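Inspection log for the structure reproduced underneath, given as structure tokens.
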Amino acid sequence: MKKLLRVLGVTVMSVVVLYYVGVNALLASPLGVRLFNSKPELVQIHYDRAWTLVPLRVDVEGFQLSMQDRLVQISIAADRVHGNLHPWTLMDGKFIATQVTASGVAMRVRPRLTKGDPLEAHLDELPPIPGYETAVRDVSSNEVQAEDIRFLSLEFKDLTVHHLRELWIDRIRYTGDAEVTGGLLYEPFRKLRIDDGHFTDASSRLVAVQPNEVAIKQVDLRVTLPQVNLGSMDFAWLRGLVADVKLSAEADPRFLNSYLTNVAGLSTLGASGAVGPLEVDVQIDQGVVADGAVLTYRTPKVAVRLPLVEVSGAAAVKGKAGKGRLALDVEVSRASLRQRDGAQLAMADRFALLASSSADLVLLPDVDAELLLRGGFVKTLASLNQFIPTGAGVRLAEGSGMLEGNLSLDAVPARARGRLDLVANDVVVKNRAATVAGRLLAHAEIRSFNLDTGAIDLSGSTIAIENATLQAGGRRWPKLWLRAVADPCLLTPKSKVLWSANVAVGSSNLQPLLAIVSANVPL
């Protein structure tokens, strides 16, 4: 029995010595590096130093891993890694690590492109991947291709990261010094699972497609997300999301564009301007934003792009959740309305965008929004001539006035409706051979506005001039009133006929109307 125990003891010690000496010798020799890089077209691993004291538990310094499949390239770098690594899974396109503690970590992911891909124009914004010179894939070459390469995946269990310095995925880049714990399964652009993830940092930076930048002062993020399909075209994958987000930052107004375009579907709206303070305190339970969640943002200068004009001024943004609804209010004070070429149209006391949706994130595309304009002062009515059909032969020559209105927007389908009212004094309107001076009251009835095609139904719109003086054909008529109603009135920019309208005209005296007609059309 003693002899057997002695044999077993010697055997165990021999195995331990062979493992310790053999594996560590392999890790320390160039042969180990060559072994890990036998298929560089799939996986490349480099390190400064590596050793093991316990089977499968490895310590690595100066770690660098690069992997690629036909659609994506990944790199992970760390100053030091300690944990259970499973290198044999790399040949199967997987990187699995458990009970890992790492420090000084950077992770980069970029899509692989084929010639002619629209993203080629943004190659400079994609992260460089060590070991792979370009993101463009030559499908005509003899490189290991597609069908026989499995999709890459990364899986971490019981992960602790000290000093996460960079997370750069596609054109979204985070840089900072974060502490991270939790678990993660990630198949780039395909699948994602987060197990009790906790992310904290201060004095970091997030760029979500240049130049949409957020300078983070403090962030505390807790997330749990069951495995989801990132390729899904709907928001159903948010159903299992549990999160607690607290953020203090300085942000460029462009960060609102991701909400307006990607969430609200209002791609015709956009914002830019000066950096301002952003505060977020949001809790999400099973994909529903909890009551009491808030977002506040201020900027001394913002420019909001609308379907026809641009509004600029100082802005205050407030988002809140209550009674199962999300509300986002964007108010621009001392607002200036300008044409797209920069020419000023009007000044306004208040311009506001009011948007609301269900607090259930799965239903977020169902957004209602309203644009409000109050106290708008038009210094010169001539700036409004761009909105008058060329074929009408009518131009505003002089006058100033007050403009107010509202426009309600639906994201699905992308439609709008509303009204616009203008009251102006000392107005001079010129026809081809007639001039009218007086007080103008104009009402634009926007029955429908197709935000995709630009088609507008203005049926029911009216123009009236009070206490008017008309001059035509060498004659003069004072103290008139004139009124015109357009019904129907259609503007269809993408059709052969731009304007289609029937106009009914009335006057306190028909004689001047005949004079206008005879001055323009031979009778």
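Each chain in the structure tokens gets a letter, A, B, ..., in the order shown, and its residues are numbered from 1; ligands are numbered from 1 in order too.
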Residues within 8 Å of Arg222 in chain A, only C-alpha atoms, excluding chain neighbours under 5 positions, as a list in words: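 Non-adjacent residues within range: Asp196, Gly197, His198, Phe199, Ala243, Asp244 and Val245 of chain A.
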Could you dump the residues just selected with C-alpha atoms as a PDB file, in the first residue's frame?
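New file result30.pdb:
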ATOM      1  CA  ASP A 196     -25.260  42.055 -14.145  1.00  0.00           C
ATOM      2  CA  GLY A 197     -22.865  44.457 -15.829  1.00  0.00           C
ATOM      3  CA  HIS A 198     -21.627  47.414 -13.774  1.00  0.00           C
ATOM      4  CA  PHE A 199     -19.729  50.268 -15.421  1.00  0.00           C
ATOM      5  CA  ALA A 243     -30.828  49.158 -16.257  1.00  0.00           C
ATOM      6  CA  ASP A 244     -29.985  52.005 -13.913  1.00  0.00           C
ATOM      7  CA  VAL A 245     -28.234  54.947 -15.579  1.00  0.00           C
TER       8      VAL A 245
END
Selection near range 163-169 of chain A, 7 Å with only C-alpha atoms, sequence-local residues under 6 positions removed, as a list in words: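 What passes the distance filter is Ser103, Gly104, Val105, Ala106, Met107, Arg108, Val109, Arg110, Pro127, Thr175, Gly176, Asp177, Ala178 and Glu179 of chain A.
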Looking at A:Val362, A:Gly183, A:Leu159, A:Val280, which one is nearest to Leu241 in chain A, with distances taken over only C-alpha atoms?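 Selected residue with least distance to Leu241 in chain A: A:Val362.
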Smallest atom-to-atom distance to Phe255 in chain A: which of A:Ser508, A:Thr296, A:Gln339, A:Ser272, using only C-alpha atoms?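 Nearest candidate to Phe255 in chain A out of A:Ser508, A:Thr296, A:Gln339, A:Ser272: A:Ser272.
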Could you state the separation of CA of Gly287 in chain A and CA of Ala236 in chain A in Å, given to one decimal place?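 Separating CA of Gly287 in chain A from CA of Ala236 in chain A is a distance of 8.9 Å.
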Selection near Ala464 in chain A, 6 Å with only C-alpha atoms, sequence-local residues under 2 positions removed, as a PyMOL selection string: chain A and resi 440-441+482-483
Interatomic distance (Å, one decimal) between CA of Leu306 in chain A and CA of Gly401 in chain A: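 Separating CA of Leu306 in chain A from CA of Gly401 in chain A is a distance of 21.6 Å.
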Give me the residues within 9 Å of Lys157 in chain A as a PyMOL selection string, counting only C-alpha atoms and dropping any in the same chain fewer than 3 places off. chain A and resi 96-100+182-185+195
Residues within 8 Å of range 53-64 of chain A, please, as a PyMOL selection string. Count only C-alpha atoms; anything in the same chain fewer than 5 positions from it doesn't count. chain A and resi 19-20+45-48+75-86
Selected residues written out with all heavy atoms, as a compact mmCIF listing (two decimals), in the first residue's frame:
# COMPACT_ATOMS: atom_id res chain seq x y z
N TYR A 19 3.84 19.74 -16.11
CA TYR A 19 2.92 20.81 -16.52
C TYR A 19 3.55 22.16 -16.25
O TYR A 19 3.60 23.02 -17.13
CB TYR A 19 1.60 20.69 -15.76
CG TYR A 19 0.68 21.88 -16.03
CD1 TYR A 19 -0.12 21.92 -17.17
CD2 TYR A 19 0.65 22.97 -15.15
CE1 TYR A 19 -0.93 23.00 -17.43
CE2 TYR A 19 -0.17 24.06 -15.40
CZ TYR A 19 -0.95 24.08 -16.54
OH TYR A 19 -1.75 25.16 -16.80
N TYR A 20 4.02 22.33 -15.02
CA TYR A 20 4.56 23.64 -14.63
C TYR A 20 5.75 24.01 -15.51
O TYR A 20 5.82 25.11 -16.05
CB TYR A 20 4.97 23.62 -13.16
CG TYR A 20 5.57 24.93 -12.70
CD1 TYR A 20 4.77 26.04 -12.49
CD2 TYR A 20 6.94 25.04 -12.51
CE1 TYR A 20 5.32 27.25 -12.08
CE2 TYR A 20 7.51 26.25 -12.11
CZ TYR A 20 6.69 27.35 -11.89
OH TYR A 20 7.24 28.52 -11.50
N ILE A 45 -2.19 36.10 -31.68
CA ILE A 45 -1.99 36.36 -30.26
C ILE A 45 -0.53 36.74 -30.02
O ILE A 45 0.38 36.07 -30.51
CB ILE A 45 -2.35 35.15 -29.39
CG1 ILE A 45 -3.84 34.84 -29.50
CG2 ILE A 45 -1.97 35.39 -27.93
CD1 ILE A 45 -4.27 33.63 -28.69
N HIS A 46 -0.32 37.80 -29.29
CA HIS A 46 1.02 38.22 -28.90
C HIS A 46 0.99 38.63 -27.43
O HIS A 46 -0.05 39.07 -26.92
CB HIS A 46 1.51 39.38 -29.76
CG HIS A 46 1.56 39.05 -31.22
ND1 HIS A 46 2.60 38.35 -31.80
CD2 HIS A 46 0.67 39.30 -32.23
CE1 HIS A 46 2.36 38.20 -33.09
NE2 HIS A 46 1.20 38.77 -33.38
N TYR A 47 2.11 38.45 -26.76
CA TYR A 47 2.21 38.87 -25.36
C TYR A 47 3.68 39.08 -25.02
O TYR A 47 4.58 38.54 -25.67
CB TYR A 47 1.59 37.82 -24.42
CG TYR A 47 2.08 36.40 -24.65
CD1 TYR A 47 3.25 35.93 -24.03
CD2 TYR A 47 1.37 35.52 -25.46
CE1 TYR A 47 3.70 34.64 -24.24
CE2 TYR A 47 1.81 34.23 -25.68
CZ TYR A 47 2.98 33.79 -25.06
OH TYR A 47 3.42 32.52 -25.27
N ASP A 48 3.90 39.87 -23.98
CA ASP A 48 5.26 40.12 -23.52
C ASP A 48 5.74 39.00 -22.60
O ASP A 48 6.91 38.58 -22.68
CB ASP A 48 5.34 41.46 -22.78
CG ASP A 48 5.03 42.65 -23.68
OD1 ASP A 48 5.23 42.51 -24.90
OD2 ASP A 48 4.59 43.69 -23.17
N SER A 75 -10.07 43.27 -31.87
CA SER A 75 -8.81 43.22 -31.13
C SER A 75 -9.09 43.51 -29.65
O SER A 75 -9.95 44.33 -29.33
CB SER A 75 -7.80 44.23 -31.67
OG SER A 75 -8.08 45.53 -31.23
N ILE A 76 -8.39 42.79 -28.78
CA ILE A 76 -8.43 43.02 -27.34
C ILE A 76 -7.00 43.14 -26.85
O ILE A 76 -6.18 42.25 -27.11
CB ILE A 76 -9.15 41.87 -26.59
CG1 ILE A 76 -10.59 41.74 -27.08
CG2 ILE A 76 -9.12 42.11 -25.09
CD1 ILE A 76 -11.32 40.55 -26.47
N ALA A 77 -6.70 44.23 -26.16
CA ALA A 77 -5.37 44.44 -25.60
C ALA A 77 -5.51 44.69 -24.11
O ALA A 77 -6.49 45.29 -23.66
CB ALA A 77 -4.67 45.61 -26.27
N ALA A 78 -4.54 44.21 -23.33
CA ALA A 78 -4.55 44.42 -21.88
C ALA A 78 -3.12 44.47 -21.37
O ALA A 78 -2.25 43.72 -21.84
CB ALA A 78 -5.31 43.30 -21.18
N ASP A 79 -2.91 45.36 -20.40
CA ASP A 79 -1.59 45.41 -19.77
C ASP A 79 -1.33 44.12 -19.00
O ASP A 79 -0.22 43.58 -19.02
CB ASP A 79 -1.49 46.60 -18.81
CG ASP A 79 -1.56 47.93 -19.56
OD1 ASP A 79 -1.32 47.93 -20.78
OD2 ASP A 79 -1.86 48.96 -18.91
N ARG A 80 -2.39 43.63 -18.34
CA ARG A 80 -2.23 42.38 -17.57
C ARG A 80 -3.57 41.66 -17.49
O ARG A 80 -4.62 42.27 -17.34
CB ARG A 80 -1.72 42.68 -16.16
CG ARG A 80 -1.49 41.41 -15.34
CD ARG A 80 -0.58 41.62 -14.18
NE ARG A 80 -0.35 40.38 -13.46
CZ ARG A 80 0.59 40.19 -12.55
NH1 ARG A 80 1.41 41.18 -12.25
NH2 ARG A 80 0.73 39.03 -11.94
N VAL A 81 -3.51 40.32 -17.57
CA VAL A 81 -4.70 39.47 -17.47
C VAL A 81 -4.38 38.30 -16.53
O VAL A 81 -3.31 37.69 -16.63
CB VAL A 81 -5.11 38.91 -18.86
CG1 VAL A 81 -6.33 38.00 -18.71
CG2 VAL A 81 -5.40 40.03 -19.83
N HIS A 82 -5.33 38.02 -15.65
CA HIS A 82 -5.18 36.87 -14.74
C HIS A 82 -6.53 36.15 -14.69
O HIS A 82 -7.55 36.75 -14.34
CB HIS A 82 -4.80 37.34 -13.33
CG HIS A 82 -4.85 36.25 -12.30
ND1 HIS A 82 -3.88 35.27 -12.21
CD2 HIS A 82 -5.75 35.98 -11.32
CE1 HIS A 82 -4.20 34.45 -11.22
NE2 HIS A 82 -5.32 34.86 -10.66
N GLY A 83 -6.54 34.87 -15.09
CA GLY A 83 -7.80 34.15 -15.05
C GLY A 83 -7.77 32.88 -15.85
O GLY A 83 -6.71 32.45 -16.34
N ASN A 84 -8.94 32.27 -16.00
CA ASN A 84 -9.06 31.02 -16.74
C ASN A 84 -9.31 31.32 -18.21
O ASN A 84 -10.36 31.83 -18.58
CB ASN A 84 -10.22 30.18 -16.19
CG ASN A 84 -10.01 29.80 -14.75
OD1 ASN A 84 -8.88 29.62 -14.30
ND2 ASN A 84 -11.10 29.65 -14.00
N LEU A 85 -8.33 31.03 -19.02
CA LEU A 85 -8.43 31.23 -20.47
C LEU A 85 -8.54 29.86 -21.13
O LEU A 85 -8.05 28.85 -20.63
CB LEU A 85 -7.21 31.97 -20.99
CG LEU A 85 -6.90 33.32 -20.32
CD1 LEU A 85 -5.67 33.96 -20.97
CD2 LEU A 85 -8.09 34.26 -20.40
N HIS A 86 -9.19 29.82 -22.28
CA HIS A 86 -9.43 28.56 -22.99
C HIS A 86 -8.93 28.72 -24.43
O HIS A 86 -9.74 28.86 -25.35
CB HIS A 86 -10.91 28.21 -22.95
CG HIS A 86 -11.49 28.21 -21.56
ND1 HIS A 86 -11.49 27.10 -20.76
CD2 HIS A 86 -12.06 29.21 -20.82
CE1 HIS A 86 -12.04 27.40 -19.60
NE2 HIS A 86 -12.40 28.66 -19.61
Residues within 9 Å of range 488-493 of chain A, please, as a list of chain:residue names. Count only C-alpha atoms; anything in the same chain fewer than 6 positions from it doesn't count. A:Thr453, A:Gly454, A:Ala455, A:Ile456, A:Asp457, A:Leu458, A:Ser459, A:Gly460, A:Ser461, A:Trp499, A:Ser500, A:Ala501, A:Asn502, A:Val503
If DSSP is run on the backbone, what residues of range 73-157 of chain A are strand (DSSP E)? A reply as a ChimeraX atom specification would be ideal. /A:73-85,94-111,113-114,136-137,153-157
For CA of Ala352 in chain A and CA of Gly324 in chain A, quote the distance in Å rounded to one decimal.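 Those two atoms sit 22.6 Å apart.
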Kindly indicate which residue among A:Ala251, A:Leu71, A:Val289, A:Val436 lies nearest to Phe189 in chain A, using only C-alpha atoms for the distances. A:Leu71
What's the 12 Å shell around Gly116 in chain A, counting only C-alpha atoms, without same-chain residues fewer than 6 positions away, as a list in words? Val136, Arg137 and Asp138 of chain A
Which is closer to Glu398 in chain A than all the others in A:Leu381, A:Val302, A:Ala215, A:Ala327, using only C-alpha atoms? A:Leu381
Looking at A:Ser357, A:Thr299, A:Thr462, A:Gln286, which one is nearest to Gly322 in chain A, with distances taken over only C-alpha atoms? A:Ser357
Assign secondary structure with DSSP using the backbone only, and return the residues of range 105-237 of chain A in helix (DSSP H, G or I) as a PyMOL selection string. chain A and resi 118-125+146-148+236-237
